[in-house]
>>> print(open('entry-v5.cif').read())   # mmCIF, C-alpha atoms
data_query
loop_
_atom_site.label_atom_id
_atom_site.label_comp_id
_atom_site.auth_asym_id
_atom_site.auth_seq_id
_atom_site.Cartn_x
_atom_site.Cartn_y
_atom_site.Cartn_z
CA MET A 1 -29.84 8.24 -52.71
CA THR A 2 -29.37 8.86 -56.41
CA THR A 3 -25.85 9.42 -57.64
CA ASN A 4 -27.14 11.21 -60.70
CA PHE A 5 -26.78 14.86 -59.76
CA LYS A 6 -28.65 16.80 -62.41
CA HIS A 7 -28.57 20.23 -60.85
CA SER A 8 -24.98 20.62 -59.75
CA ALA A 9 -24.17 23.52 -62.06
CA SER A 10 -27.16 25.65 -61.07
CA ILE A 11 -26.68 24.80 -57.39
CA ASP A 12 -23.04 25.91 -57.62
CA GLN A 13 -24.11 29.20 -59.15
CA PHE A 14 -26.82 29.65 -56.53
CA LEU A 15 -24.47 28.99 -53.62
CA ALA A 16 -21.78 31.22 -55.09
CA ASN A 17 -24.28 34.06 -55.54
CA GLU A 18 -23.56 34.11 -59.25
CA MET A 19 -27.17 34.15 -60.42
CA ALA A 20 -28.86 37.23 -61.80
CA PRO A 21 -31.87 38.28 -59.65
CA ALA A 22 -34.43 36.87 -62.08
CA GLU A 23 -32.51 33.62 -62.39
CA ARG A 24 -32.24 33.34 -58.62
CA ALA A 25 -35.96 33.93 -58.18
CA ALA A 26 -36.71 31.23 -60.73
CA PHE A 27 -34.33 28.84 -58.96
CA GLU A 28 -35.99 29.50 -55.60
CA ASN A 29 -39.38 28.98 -57.18
CA GLU A 30 -38.24 25.69 -58.67
CA LEU A 31 -36.98 24.59 -55.26
CA ARG A 32 -40.52 24.60 -53.89
CA SER A 33 -41.78 22.07 -56.36
CA ASN A 34 -38.71 20.04 -57.27
CA SER A 35 -37.78 17.66 -54.46
CA ASP A 36 -34.68 16.34 -56.29
CA LEU A 37 -33.35 19.87 -56.59
CA ALA A 38 -34.11 20.56 -52.94
CA ARG A 39 -32.33 17.36 -51.89
CA GLU A 40 -29.29 18.12 -54.01
CA LEU A 41 -29.09 21.64 -52.66
CA LYS A 42 -29.31 20.38 -49.11
CA LEU A 43 -26.46 17.93 -49.71
CA ALA A 44 -24.28 20.64 -51.26
CA GLN A 45 -24.95 22.98 -48.33
CA ILE A 46 -24.28 20.34 -45.72
CA ILE A 47 -21.02 19.40 -47.41
CA ASP A 48 -19.87 23.03 -47.30
CA TYR A 49 -20.90 23.29 -43.67
CA SER A 50 -19.16 20.03 -42.76
CA ILE A 51 -15.80 21.02 -44.20
CA ILE A 52 -15.67 24.68 -43.31
CA ARG A 53 -14.05 24.24 -39.89
CA ASP A 54 -10.36 23.55 -40.25
CA ASP A 55 -10.06 22.54 -36.60
CA VAL A 56 -12.73 19.84 -36.85
CA ILE A 57 -11.27 18.49 -40.09
CA ASP A 58 -7.87 18.37 -38.40
CA LEU A 59 -9.31 16.57 -35.37
CA ARG A 60 -11.19 14.12 -37.60
CA LYS A 61 -8.01 13.38 -39.52
CA LYS A 62 -6.15 12.66 -36.29
CA LEU A 63 -8.94 10.48 -34.94
CA ILE A 64 -8.99 8.42 -38.11
CA ALA A 65 -5.20 8.09 -37.97
CA ALA A 66 -5.33 6.97 -34.32
CA ILE A 67 -8.03 4.40 -35.08
CA ASN A 68 -6.17 3.06 -38.11
CA ALA A 69 -2.91 2.86 -36.16
CA GLY A 70 -4.75 1.05 -33.37
CA LYS A 71 -6.20 -1.46 -35.80
CA ALA A 72 -2.82 -2.02 -37.41
CA SER A 73 -1.11 -2.59 -34.07
CA ARG A 74 -3.78 -5.07 -33.00
CA THR A 75 -3.10 -7.17 -36.09
CA GLU A 76 0.67 -7.15 -35.60
CA VAL A 77 2.38 -9.97 -33.76
CA PRO A 78 3.69 -8.43 -30.55
CA VAL A 79 7.45 -8.47 -30.14
CA VAL A 80 8.82 -8.31 -26.64
CA ARG A 81 12.26 -6.77 -26.42
CA MET A 82 14.03 -7.44 -23.19
CA ASN A 83 16.60 -5.03 -21.88
CA THR A 84 17.37 -5.42 -18.22
CA ARG A 85 18.76 -1.94 -17.98
CA LYS A 86 15.54 -0.45 -19.24
CA TRP A 87 13.50 -2.59 -16.86
CA TRP A 88 15.68 -1.54 -13.98
CA TYR A 89 15.10 2.04 -14.91
CA ALA A 90 11.38 1.55 -15.40
CA ALA A 91 11.10 0.14 -11.91
CA ALA A 92 13.32 2.78 -10.38
CA SER A 93 11.43 5.61 -12.04
CA LEU A 94 7.95 4.39 -11.27
CA PHE A 95 7.03 7.79 -9.99
CA ALA A 96 9.34 9.70 -12.26
CA LEU A 97 7.91 12.48 -14.32
CA PHE A 98 10.35 12.00 -17.13
CA ALA A 99 11.86 9.04 -18.85
CA VAL A 100 14.95 9.14 -20.94
CA THR A 101 15.18 5.73 -22.48
CA ALA A 102 18.22 4.01 -23.72
CA THR A 103 18.25 5.01 -27.36
CA LEU A 104 21.56 6.66 -26.58
CA TYR A 105 22.81 3.48 -25.06
CA LEU A 106 24.47 1.56 -27.82
CA GLN A 107 25.68 4.34 -30.01
CA THR A 108 29.28 4.18 -31.09
CA ASN A 109 31.55 6.38 -33.14
CA ARG A 110 35.17 7.30 -33.32
CA ASN A 111 37.30 10.37 -32.81
CA MET A 112 34.79 13.14 -33.07
CA SER A 113 34.45 16.85 -32.40
CA ALA A 114 32.64 18.15 -29.32
CA ASP A 115 29.77 19.18 -31.59
CA SER A 116 29.40 15.80 -33.19
CA LEU A 117 29.76 14.04 -29.85
CA PHE A 118 26.99 16.20 -28.50
CA THR A 119 24.82 15.45 -31.51
CA GLU A 120 25.54 11.75 -31.16
CA TYR A 121 24.65 11.54 -27.51
CA TYR A 122 21.91 14.12 -27.21
CA ASN A 123 18.35 13.08 -27.92
CA SER A 124 15.25 14.81 -26.58
CA GLU A 125 12.79 12.58 -28.42
CA ASN A 126 12.37 10.16 -25.56
CA ILE A 127 11.81 12.68 -22.85
CA VAL A 128 8.18 12.22 -22.11
CA ASP A 129 5.49 12.33 -19.49
CA LEU A 130 3.51 14.99 -17.80
CA THR A 131 3.60 16.50 -14.40
CA ARG A 132 1.19 18.10 -11.96
CA GLY A 133 -2.11 19.19 -13.43
CA ASP A 134 -1.11 22.83 -13.69
CA GLU A 135 -2.67 24.33 -16.80
CA ASN A 136 0.40 26.44 -17.51
CA ILE A 137 2.51 23.33 -17.41
CA VAL A 138 0.15 21.67 -19.83
CA ASP A 139 0.56 24.54 -22.28
CA ALA A 140 4.30 24.40 -21.90
CA ILE A 141 4.43 20.64 -22.35
CA ILE A 142 2.26 20.83 -25.44
CA LYS A 143 4.58 23.46 -26.92
CA PHE A 144 7.49 21.23 -26.03
CA GLN A 145 5.85 18.26 -27.72
CA GLN A 146 5.18 20.40 -30.76
CA LYS A 147 8.91 21.14 -30.77
CA ASP A 148 8.24 24.84 -30.26
CA TYR A 149 11.09 24.91 -27.78
CA ALA A 150 11.47 28.69 -27.63
CA THR A 151 7.87 29.18 -26.51
CA ALA A 152 8.07 26.15 -24.22
CA SER A 153 11.19 27.58 -22.61
CA ASP A 154 9.48 30.95 -22.01
CA LEU A 155 6.49 29.20 -20.45
CA PHE A 156 8.66 27.00 -18.22
CA LYS A 157 10.57 30.10 -17.17
CA LYS A 158 7.34 31.83 -16.13
CA ILE A 159 6.26 28.77 -14.14
CA LEU A 160 9.64 28.66 -12.40
CA ALA A 161 9.41 32.37 -11.61
CA LYS A 162 6.30 31.57 -9.54
CA ASP A 163 7.49 28.26 -8.11
CA ASP A 164 11.07 27.17 -8.53
CA SER A 165 10.63 23.97 -6.52
CA ASN A 166 9.26 21.89 -9.36
CA ILE A 167 12.23 19.81 -10.43
CA ALA A 168 10.38 18.34 -13.38
CA VAL A 169 9.85 21.81 -14.82
CA TRP A 170 13.53 22.59 -14.32
CA PHE A 171 14.35 19.48 -16.30
CA TYR A 172 12.09 20.34 -19.21
CA TYR A 173 13.38 23.90 -19.11
CA GLY A 174 16.91 22.56 -19.40
CA ILE A 175 16.08 20.37 -22.37
CA ALA A 176 14.11 23.13 -24.13
CA ASN A 177 17.15 25.39 -23.77
CA ILE A 178 19.43 22.77 -25.26
CA GLU A 179 17.10 22.70 -28.24
CA THR A 180 17.28 26.47 -28.58
CA GLN A 181 21.05 26.37 -27.98
CA ASN A 182 20.87 28.49 -24.83
CA TYR A 183 23.31 26.24 -23.03
CA GLU A 184 23.88 28.63 -20.15
CA ASN A 185 20.21 28.33 -19.19
CA SER A 186 20.43 24.56 -19.52
CA ILE A 187 23.50 24.49 -17.30
CA THR A 188 21.63 26.53 -14.68
CA ALA A 189 18.68 24.15 -14.85
CA PHE A 190 20.68 20.93 -14.56
CA THR A 191 22.90 22.38 -11.84
CA THR A 192 19.77 23.32 -9.85
CA ILE A 193 18.48 19.77 -10.16
CA ILE A 194 21.79 18.29 -9.04
CA LYS A 195 22.12 20.70 -6.13
CA GLN A 196 18.64 19.87 -4.92
CA ASN A 197 20.08 16.39 -4.44
CA ASP A 198 16.89 14.56 -3.63
CA ASN A 199 15.04 13.79 -6.79
CA LEU A 200 14.77 11.22 -9.52
CA TYR A 201 16.33 13.29 -12.27
CA ILE A 202 19.81 13.71 -10.91
CA GLU A 203 21.42 11.07 -13.10
CA HIS A 204 19.89 12.49 -16.25
CA ALA A 205 20.68 16.04 -15.18
CA GLU A 206 24.32 15.07 -14.61
CA TRP A 207 24.50 13.52 -18.04
CA TYR A 208 22.88 16.44 -19.82
CA LEU A 209 25.02 18.88 -17.86
CA GLY A 210 28.10 17.11 -19.22
CA LEU A 211 26.74 17.36 -22.75
CA CYS A 212 25.99 21.06 -22.26
CA TYR A 213 29.52 21.74 -21.07
CA LEU A 214 30.78 19.88 -24.10
CA LYS A 215 28.63 21.94 -26.41
CA ASP A 216 29.59 25.13 -24.59
CA ASN A 217 33.29 24.40 -25.22
CA GLN A 218 33.95 23.78 -21.53
CA LYS A 219 35.75 20.52 -22.20
CA ASP A 220 37.41 20.22 -18.79
CA LYS A 221 34.14 20.60 -16.94
CA ALA A 222 32.54 18.16 -19.36
CA MET A 223 35.25 15.58 -18.70
CA ASP A 224 34.92 16.04 -14.93
CA GLN A 225 31.23 15.46 -15.27
CA PHE A 226 31.62 12.33 -17.39
CA VAL A 227 34.31 10.97 -15.07
CA ALA A 228 31.95 11.38 -12.12
CA ILE A 229 29.22 9.56 -14.00
CA ALA A 230 31.51 6.80 -15.29
CA SER A 231 32.91 6.14 -11.82
CA ASN A 232 29.49 5.52 -10.34
CA PRO A 233 28.62 1.85 -11.00
CA ASP A 234 24.94 2.51 -10.43
CA ASN A 235 24.64 5.47 -12.75
CA PHE A 236 22.23 4.93 -15.61
CA HIS A 237 24.52 6.78 -18.04
CA ARG A 238 27.75 5.13 -16.88
CA GLN A 239 28.52 3.26 -20.10
CA GLU A 240 27.70 6.25 -22.26
CA ALA A 241 29.95 8.40 -20.11
CA LYS A 242 32.77 5.86 -20.49
CA ASN A 243 32.31 5.84 -24.26
CA ILE A 244 32.29 9.59 -24.54
CA LEU A 245 35.38 9.88 -22.32
CA GLU A 246 37.29 7.47 -24.55
CA LYS A 247 36.42 9.58 -27.55
CA LEU A 248 37.33 12.81 -25.82
CA GLN A 249 40.69 11.39 -24.73
CA LEU A 250 41.43 10.20 -28.25
CA LYS A 251 41.27 13.75 -29.49
CA MET B 1 2.05 4.62 -21.28
CA ILE B 2 2.12 8.21 -20.12
CA HIS B 3 -0.85 9.19 -17.99
CA TYR B 4 -2.30 12.65 -18.29
CA SER B 5 -4.42 14.51 -15.77
CA ASP B 6 -8.01 15.34 -16.75
CA GLU B 7 -7.03 19.00 -17.13
CA ALA B 8 -4.24 18.01 -19.48
CA ILE B 9 -6.60 15.86 -21.51
CA LEU B 10 -9.13 18.67 -21.89
CA GLU B 11 -6.47 21.18 -22.80
CA GLY B 12 -4.75 18.75 -25.14
CA LEU B 13 -8.03 17.95 -26.83
CA ARG B 14 -8.80 21.65 -27.20
CA LEU B 15 -5.43 22.02 -28.92
CA ARG B 16 -5.93 18.79 -30.85
CA SER B 17 -2.62 17.50 -29.57
CA ASP B 18 -1.52 14.30 -31.32
CA TYR B 19 -0.26 12.96 -28.03
CA ILE B 20 -3.54 13.52 -26.25
CA ILE B 21 -5.63 12.15 -29.11
CA ASN B 22 -3.53 8.99 -29.21
CA PHE B 23 -3.69 8.74 -25.44
CA ILE B 24 -7.47 9.07 -25.45
CA TYR B 25 -7.73 6.45 -28.15
CA LYS B 26 -5.43 3.99 -26.40
CA ASP B 27 -6.88 4.53 -22.97
CA PHE B 28 -10.58 4.93 -23.68
CA PHE B 29 -11.38 3.25 -26.96
CA PRO B 30 -11.11 -0.28 -25.48
CA LEU B 31 -13.88 0.68 -23.03
CA ILE B 32 -16.10 1.97 -25.82
CA ARG B 33 -15.40 -1.09 -27.94
CA PHE B 34 -16.31 -3.36 -25.05
CA LEU B 35 -19.50 -1.41 -24.39
CA VAL B 36 -20.63 -1.51 -28.02
CA VAL B 37 -19.57 -5.05 -28.86
CA GLU B 38 -21.01 -6.47 -25.64
CA ASN B 39 -24.28 -4.69 -26.34
CA GLY B 40 -25.19 -5.67 -29.85
CA GLY B 41 -22.73 -3.68 -31.95
CA ARG B 42 -19.67 -4.26 -34.07
CA GLU B 43 -16.16 -2.86 -33.99
CA GLU B 44 -17.10 -0.35 -36.72
CA ASP B 45 -20.01 0.89 -34.61
CA ALA B 46 -17.61 1.40 -31.72
CA GLU B 47 -15.29 3.47 -33.94
CA ASP B 48 -18.20 5.64 -35.06
CA ILE B 49 -19.46 6.13 -31.52
CA PHE B 50 -15.95 6.94 -30.29
CA GLN B 51 -15.44 9.55 -33.03
CA ASP B 52 -18.83 11.14 -32.43
CA GLY B 53 -18.21 11.23 -28.70
CA ILE B 54 -14.87 12.95 -29.10
CA ILE B 55 -16.25 15.52 -31.54
CA ILE B 56 -19.15 16.33 -29.21
CA VAL B 57 -16.80 16.73 -26.25
CA TYR B 58 -14.37 18.79 -28.36
CA ASN B 59 -17.16 21.15 -29.42
CA LYS B 60 -18.18 21.60 -25.78
CA ILE B 61 -14.60 22.34 -24.76
CA ASN B 62 -14.24 24.79 -27.61
CA VAL B 63 -17.11 26.95 -26.43
CA ASN B 64 -15.99 26.67 -22.80
CA GLN B 65 -19.12 24.75 -21.86
CA LEU B 66 -17.51 21.70 -20.36
CA THR B 67 -17.10 21.47 -16.62
CA LEU B 68 -16.29 17.99 -15.46
CA THR B 69 -18.24 16.68 -12.48
CA SER B 70 -16.59 13.28 -12.79
CA SER B 71 -13.36 11.96 -14.21
CA PHE B 72 -12.83 12.52 -17.93
CA LYS B 73 -12.94 8.76 -18.41
CA THR B 74 -16.37 8.51 -16.79
CA TYR B 75 -17.61 11.54 -18.73
CA MET B 76 -16.38 10.21 -22.06
CA TYR B 77 -17.81 6.78 -21.34
CA SER B 78 -21.15 8.34 -20.40
CA VAL B 79 -21.28 10.35 -23.63
CA CYS B 80 -20.52 7.28 -25.73
CA ARG B 81 -22.91 5.13 -23.73
CA ASN B 82 -25.69 7.63 -24.35
CA LEU B 83 -24.85 7.76 -28.06
CA TRP B 84 -24.93 3.98 -28.27
CA LEU B 85 -28.27 3.81 -26.46
CA GLN B 86 -29.72 6.27 -28.96
CA LYS B 87 -28.33 4.18 -31.79
CA LEU B 88 -29.87 1.02 -30.33
CA ASN B 89 -33.21 2.79 -30.00
CA LYS B 90 -33.05 3.80 -33.65
CA ARG B 91 -32.33 0.21 -34.56
CA LYS B 92 -35.20 -0.83 -32.32
CA VAL B 93 -32.92 -3.08 -30.33
CA ILE B 94 -33.89 -3.28 -26.69
CA PHE B 95 -31.67 -4.37 -23.85
CA ASP B 96 -33.07 -4.73 -20.33
CA LYS B 97 -29.75 -3.60 -19.02
CA LEU B 98 -26.54 -2.70 -20.83
CA THR B 99 -23.38 -4.55 -19.90
CA ASP B 100 -21.12 -1.81 -18.59
CA VAL B 101 -17.41 -1.72 -18.02
CA GLU B 102 -17.07 1.72 -16.46
CA GLU B 103 -19.05 4.00 -14.20
CA TYR B 104 -21.33 6.44 -15.95
CA ILE B 105 -23.14 9.61 -15.04
CA ASP B 106 -26.40 11.20 -16.07
CA LEU B 107 -25.73 13.85 -18.68
CA PRO B 108 -27.73 17.03 -19.25
CA LYS B 109 -30.45 16.36 -21.82
CA ALA B 110 -29.33 19.33 -23.90
CA LEU B 111 -25.93 17.75 -24.50
CA LEU B 112 -27.08 14.92 -26.72
CA THR B 113 -30.32 15.96 -28.34
CA GLU B 114 -31.53 13.92 -31.28
CA ALA B 115 -30.61 16.79 -33.60
CA THR B 116 -27.06 17.05 -32.23
CA VAL B 117 -26.51 13.32 -32.55
CA ARG B 118 -27.91 13.24 -36.06
CA GLU B 119 -25.83 16.21 -37.15
CA THR B 120 -22.67 14.76 -35.61
CA GLU B 121 -23.20 11.49 -37.43
CA MET B 122 -23.90 13.23 -40.72
CA HIS B 123 -20.78 15.36 -40.44
CA ARG B 124 -18.71 12.29 -39.64
CA ILE B 125 -19.79 10.54 -42.83
CA ILE B 126 -19.16 13.63 -44.96
CA GLN B 127 -15.80 14.40 -43.34
CA ILE B 128 -14.58 10.82 -43.70
CA HIS B 129 -15.35 10.89 -47.42
CA PHE B 130 -13.88 14.37 -47.72
CA LEU B 131 -10.64 13.15 -46.16
CA SER B 132 -10.58 10.23 -48.57
CA LEU B 133 -10.32 12.65 -51.52
CA HIS B 134 -7.01 13.57 -53.07
CA GLU B 135 -5.30 16.31 -51.04
CA ASP B 136 -5.53 18.70 -53.94
CA CYS B 137 -9.30 18.24 -54.01
CA GLN B 138 -9.58 18.72 -50.25
CA LYS B 139 -7.63 21.94 -50.47
CA VAL B 140 -9.56 23.46 -53.36
CA LEU B 141 -12.91 22.62 -51.76
CA ARG B 142 -11.90 24.16 -48.48
CA LEU B 143 -10.69 27.32 -50.17
CA PHE B 144 -14.04 27.65 -51.91
CA THR B 145 -16.00 27.25 -48.68
CA LYS B 146 -14.05 30.16 -47.22
CA ASN B 147 -15.23 32.47 -50.01
CA ILE B 148 -11.70 33.21 -51.11
CA PRO B 149 -11.69 35.02 -54.49
CA LEU B 150 -11.38 32.70 -57.45
CA ARG B 151 -8.24 34.49 -58.62
CA ASP B 152 -6.52 33.82 -55.29
CA ILE B 153 -7.61 30.20 -55.26
CA ALA B 154 -6.09 29.72 -58.71
CA THR B 155 -2.85 31.29 -57.50
CA VAL B 156 -2.67 29.28 -54.28
CA MET B 157 -3.40 26.04 -56.08
CA GLY B 158 -1.00 26.82 -58.91
CA TYR B 159 -3.70 26.66 -61.57
CA LYS B 160 -3.17 28.67 -64.73
CA THR B 161 -6.69 30.02 -65.00
CA GLU B 162 -9.62 30.86 -62.76
CA LYS B 163 -11.78 28.83 -65.08
CA TYR B 164 -9.71 25.74 -64.36
CA ALA B 165 -9.96 26.40 -60.61
CA LYS B 166 -13.72 26.50 -60.92
CA ALA B 167 -13.83 23.36 -63.02
CA ARG B 168 -11.55 21.55 -60.60
CA LYS B 169 -13.71 22.50 -57.64
CA TYR B 170 -16.80 21.34 -59.54
CA LEU B 171 -15.27 17.94 -60.29
CA CYS B 172 -14.02 17.50 -56.75
CA LYS B 173 -17.38 18.29 -55.27
CA GLU B 174 -19.10 15.96 -57.69
CA GLU B 175 -16.74 13.19 -56.66
CA LEU B 176 -17.39 13.88 -52.99
CA LYS B 177 -21.15 13.89 -53.52
CA LYS B 178 -20.90 10.61 -55.36
CA ARG B 179 -18.89 8.98 -52.56
CA ILE B 180 -21.37 10.19 -49.95
CA ALA B 181 -24.33 9.06 -52.02
CA ASP B 182 -22.78 5.60 -52.47
CA ASP B 183 -22.38 5.18 -48.72
CA PRO B 184 -25.34 3.23 -47.31
CA ARG B 185 -24.95 5.10 -44.00
CA SER B 186 -25.92 8.36 -45.66
CA GLN B 187 -29.25 7.12 -47.04
CA LYS B 188 -31.21 8.28 -44.02
CA PHE B 189 -29.87 11.80 -44.21
CA PHE B 190 -30.48 12.82 -47.80
#
>>> encode(input="entry-v5.cif", output="structure tokens")
Amino acid sequence: MTTNFKHSASIDQFLANEMAPAERAAFENELRSNSDLARELKLAQIIDYSIIRDDVIDLRKKLIAAINAGKASRTEVPVVRMNTRKWWYAAASLFALFAVTATLYLQTNRNMSADSLFTEYYNSENIVDLTRGDENIVDAIIKFQQKDYATASDLFKKILAKDDSNIAVWFYYGIANIETQNYENSITAFTTIIKQNDNLYIEHAEWYLGLCYLKDNQKDKAMDQFVAIASNPDNFHRQEAKNILEKLQLK
Amino acid sequence: MIHYSDEAILEGLRLRSDYIINFIYKDFFPLIRFLVVENGGREEDAEDIFQDGIIIVYNKINVNQLTLTSSFKTYMYSVCRNLWLQKLNKRKVIFDKLTDVEEYIDLPKALLTEATVRETEMHRIIQIHFLSLHEDCQKVLRLFTKNIPLRDIATVMGYKTEKYAKARKYLCKEELKKRIADDPRSQKFF
């Protein structure tokens, strides 16, 4: 195809309806006999049509990004990081609906306020995975992933109003409410999970419950919670609980 | 990797969720790559087929015309397989039997008509070049396609005059046309 576009100006005017009637008629007449003009017009129209849908452009952009990221990762030398604690957890939570990985694990700091301790130890970024194929849950999870925690929380609440037996939803609801600083709701959620006493989220719920108490200025309850976690040699958050207790006692 | 239910994938794709798009790419693209590369194509062909397949499925979801009668994986593979077969036919390459890596189903003929496939491919080429333009150019061109008054476009873009907005749009479109025209893949369309 030629890259010498001779009719761009008149095509622009034509497409923008900026031609006087006589001029437009002459242009349309010219189109019948001038194949270059017809071809250029077709290209201009198809371009407009191809870029008019914001959703498709957005999807295309994301597809290209995914493909480029995939290519880049295939050319990288893989690095295997071993962490026995993580592997233990991965095995133990094979059927888990959520995974809170150990990014919190090695954090250290000294003599801090309850707020800064909370900030140091709280991280929702690694809470992932999806649960039963309930469409409402999908909507809620997507809102959660988009960090629209207020909407996600409302959606989780509606799901729980219909069926309060889904522990995974309680967990997400708790985290969404931490993000929106509705700690009382979070405390209710994590307490429900702990009381249920037969699920894979108890350790995480105990940990987050402690953090919520801390954030809610209920220091004694927070300390009780962290002591319980720290005294359980099998608890996933044991070391973190020990660290946070040391800092709380230093205050 | 997280595994999503088919319902979650469809809903996530409808919402263009980053998570779902990345999941689809990581989970399904290797199948499409295998299919294409094992059957006479290159990695780039596989990327094109994958993109076209996703866009076709997305458009079906968007008009509520997609009801799965198989798993999403099988459906997606079947769409891409059909697209690749059409591409091979165009290239006049004949295989007695494709080497497959996944189950596939027969799709309704209306889903992948020659016109739909051609249009999808044409839009892909244009959109890829469009997205390669400077962001400012992308924005001004999109504003113009939405018939937003020139005065408003100038304001939104921070241009001092409407005349400059018009000139900028003209130059951006010329650049886009040039990039498309220089792409050998677009020769058959224009």
>>> interface_residues(input="entry-v5.cif", of="chain B", to="chain A", cutoff="6 Å", atoms="all atoms listed in the file", output="ChimeraX atom specification")
/B:2,5,8,22,123,145,178,181,187
>>> closest_residue(input="entry-v5.cif", among="B:Ser70, B:Asn147, B:Gln51, B:Thr99", to="Val37 (chain B)", atoms="only C-alpha atoms")
B:Thr99
>>> residues_around(input="entry-v5.cif", residues="Val101 (chain B)", least_positions_apart="4", cutoff="10 Å", atoms="all atoms listed in the file", output="list in words")
Pro30, Leu31, Ile32, Phe34, Leu35, Glu38 and Tyr77 of chain B
>>> residues_around(input="entry-v5.cif", residues="His129 (chain B)", least_positions_apart="3", cutoff="7 Å", atoms="only C-alpha atoms", output="list of chain:residue names")
B:Ile125, B:Ile126, B:Ser132, B:Leu133, B:Leu176, B:Arg179, B:Ile180
>>> residues_around(input="entry-v5.cif", residues="Glu121 (chain B)", least_positions_apart="5", cutoff="12 Å", atoms="only C-alpha atoms", output="PyMOL selection string")
(chain A and resi 50) or (chain B and resi 45+47-56+83-84+86-87+112+114-116+126-128+185-186+188-189)
>>> write_last_selection(input="entry-v5.cif", atoms="C-alpha atoms", output="PDB file, in the frame of the given file")
ATOM      1  CA  SER A  50     -19.160  20.030 -42.760  1.00  0.00           C
TER       2      SER A  50
ATOM      3  CA  ASP B  45     -20.010   0.890 -34.610  1.00  0.00           C
ATOM      4  CA  GLU B  47     -15.290   3.470 -33.940  1.00  0.00           C
ATOM      5  CA  ASP B  48     -18.200   5.640 -35.060  1.00  0.00           C
ATOM      6  CA  ILE B  49     -19.460   6.130 -31.520  1.00  0.00           C
ATOM      7  CA  PHE B  50     -15.950   6.940 -30.290  1.00  0.00           C
ATOM      8  CA  GLN B  51     -15.440   9.550 -33.030  1.00  0.00           C
ATOM      9  CA  ASP B  52     -18.830  11.140 -32.430  1.00  0.00           C
ATOM     10  CA  GLY B  53     -18.210  11.230 -28.700  1.00  0.00           C
ATOM     11  CA  ILE B  54     -14.870  12.950 -29.100  1.00  0.00           C
ATOM     12  CA  ILE B  55     -16.250  15.520 -31.540  1.00  0.00           C
ATOM     13  CA  ILE B  56     -19.150  16.330 -29.210  1.00  0.00           C
ATOM     14  CA  LEU B  83     -24.850   7.760 -28.060  1.00  0.00           C
ATOM     15  CA  TRP B  84     -24.930   3.980 -28.270  1.00  0.00           C
ATOM     16  CA  GLN B  86     -29.720   6.270 -28.960  1.00  0.00           C
ATOM     17  CA  LYS B  87     -28.330   4.180 -31.790  1.00  0.00           C
ATOM     18  CA  LEU B 112     -27.080  14.920 -26.720  1.00  0.00           C
ATOM     19  CA  GLU B 114     -31.530  13.920 -31.280  1.00  0.00           C
ATOM     20  CA  ALA B 115     -30.610  16.790 -33.600  1.00  0.00           C
ATOM     21  CA  THR B 116     -27.060  17.050 -32.230  1.00  0.00           C
ATOM     22  CA  ILE B 126     -19.160  13.630 -44.960  1.00  0.00           C
ATOM     23  CA  GLN B 127     -15.800  14.400 -43.340  1.00  0.00           C
ATOM     24  CA  ILE B 128     -14.580  10.820 -43.700  1.00  0.00           C
ATOM     25  CA  ARG B 185     -24.950   5.100 -44.000  1.00  0.00           C
ATOM     26  CA  SER B 186     -25.920   8.360 -45.660  1.00  0.00           C
ATOM     27  CA  LYS B 188     -31.210   8.280 -44.020  1.00  0.00           C
ATOM     28  CA  PHE B 189     -29.870  11.800 -44.210  1.00  0.00           C
TER      29      PHE B 189
END
>>> atom_distance(input="entry-v5.cif", atom1="CA of Tyr58 (chain B)", atom2="CA of Tyr75 (chain B)")
12.5 Å
>>> resolve_selection(input="entry-v5.cif", expression="the PyMOL selection byres ((chain B and resi 103) around 8)", output="list in words")
Thr74, Tyr77, Ser78, Asp100, Val101, Glu102, Tyr104 and Ile105 of chain B
>>> atom_distance(input="entry-v5.cif", atom1="CA of Ser153 (chain A)", atom2="CA of Asn177 (chain A)")
6.5 Å
>>> resolve_selection(input="entry-v5.cif", expression="the PyMOL selection byres ((chain A and resi 245) around 10)", output="number ranges by chain")
A: 222-227, 230, 239-244, 246-250
>>> resolve_selection(input="entry-v5.cif", expression="the PyMOL selection byres ((chain A and resi 207) around 8)", output="list in words")
Glu203, His204, Ala205, Glu206, Tyr208, Leu209, Gly210, Leu211, Gln225, Phe226, Ile229, His237 and Ala241 of chain A
>>> write_last_selection(input="entry-v5.cif", atoms="C-alpha atoms", output="compact mmCIF listing (two decimals), in the frame of the given file")
# COMPACT_ATOMS: atom_id res chain seq x y z
CA GLU A 203 21.42 11.07 -13.10
CA HIS A 204 19.89 12.49 -16.25
CA ALA A 205 20.68 16.04 -15.18
CA GLU A 206 24.32 15.07 -14.61
CA TYR A 208 22.88 16.44 -19.82
CA LEU A 209 25.02 18.88 -17.86
CA GLY A 210 28.10 17.11 -19.22
CA LEU A 211 26.74 17.36 -22.75
CA GLN A 225 31.23 15.46 -15.27
CA PHE A 226 31.62 12.33 -17.39
CA ILE A 229 29.22 9.56 -14.00
CA HIS A 237 24.52 6.78 -18.04
CA ALA A 241 29.95 8.40 -20.11
>>> closest_residue(input="entry-v5.cif", among="B:Arg81, B:Lys173, B:Arg16, B:Arg42", to="Phe144 (chain B)", atoms="only C-alpha atoms")
B:Lys173
>>> atom_distance(input="entry-v5.cif", atom1="CA of Lys6 (chain A)", atom2="CA of Ser35 (chain A)")
12.1 Å
>>> residues_around(input="entry-v5.cif", residues="region 155-167 of chain A", least_positions_apart="2", cutoff="8 Å", atoms="only C-alpha atoms", output="list in words")
Asn136, Ile137, Asp139, Ala140, Thr151, Ala152, Ser153, Val169, Trp170, Phe171, Tyr172, Tyr173, Ile193, Asn199 and Tyr201 of chain A
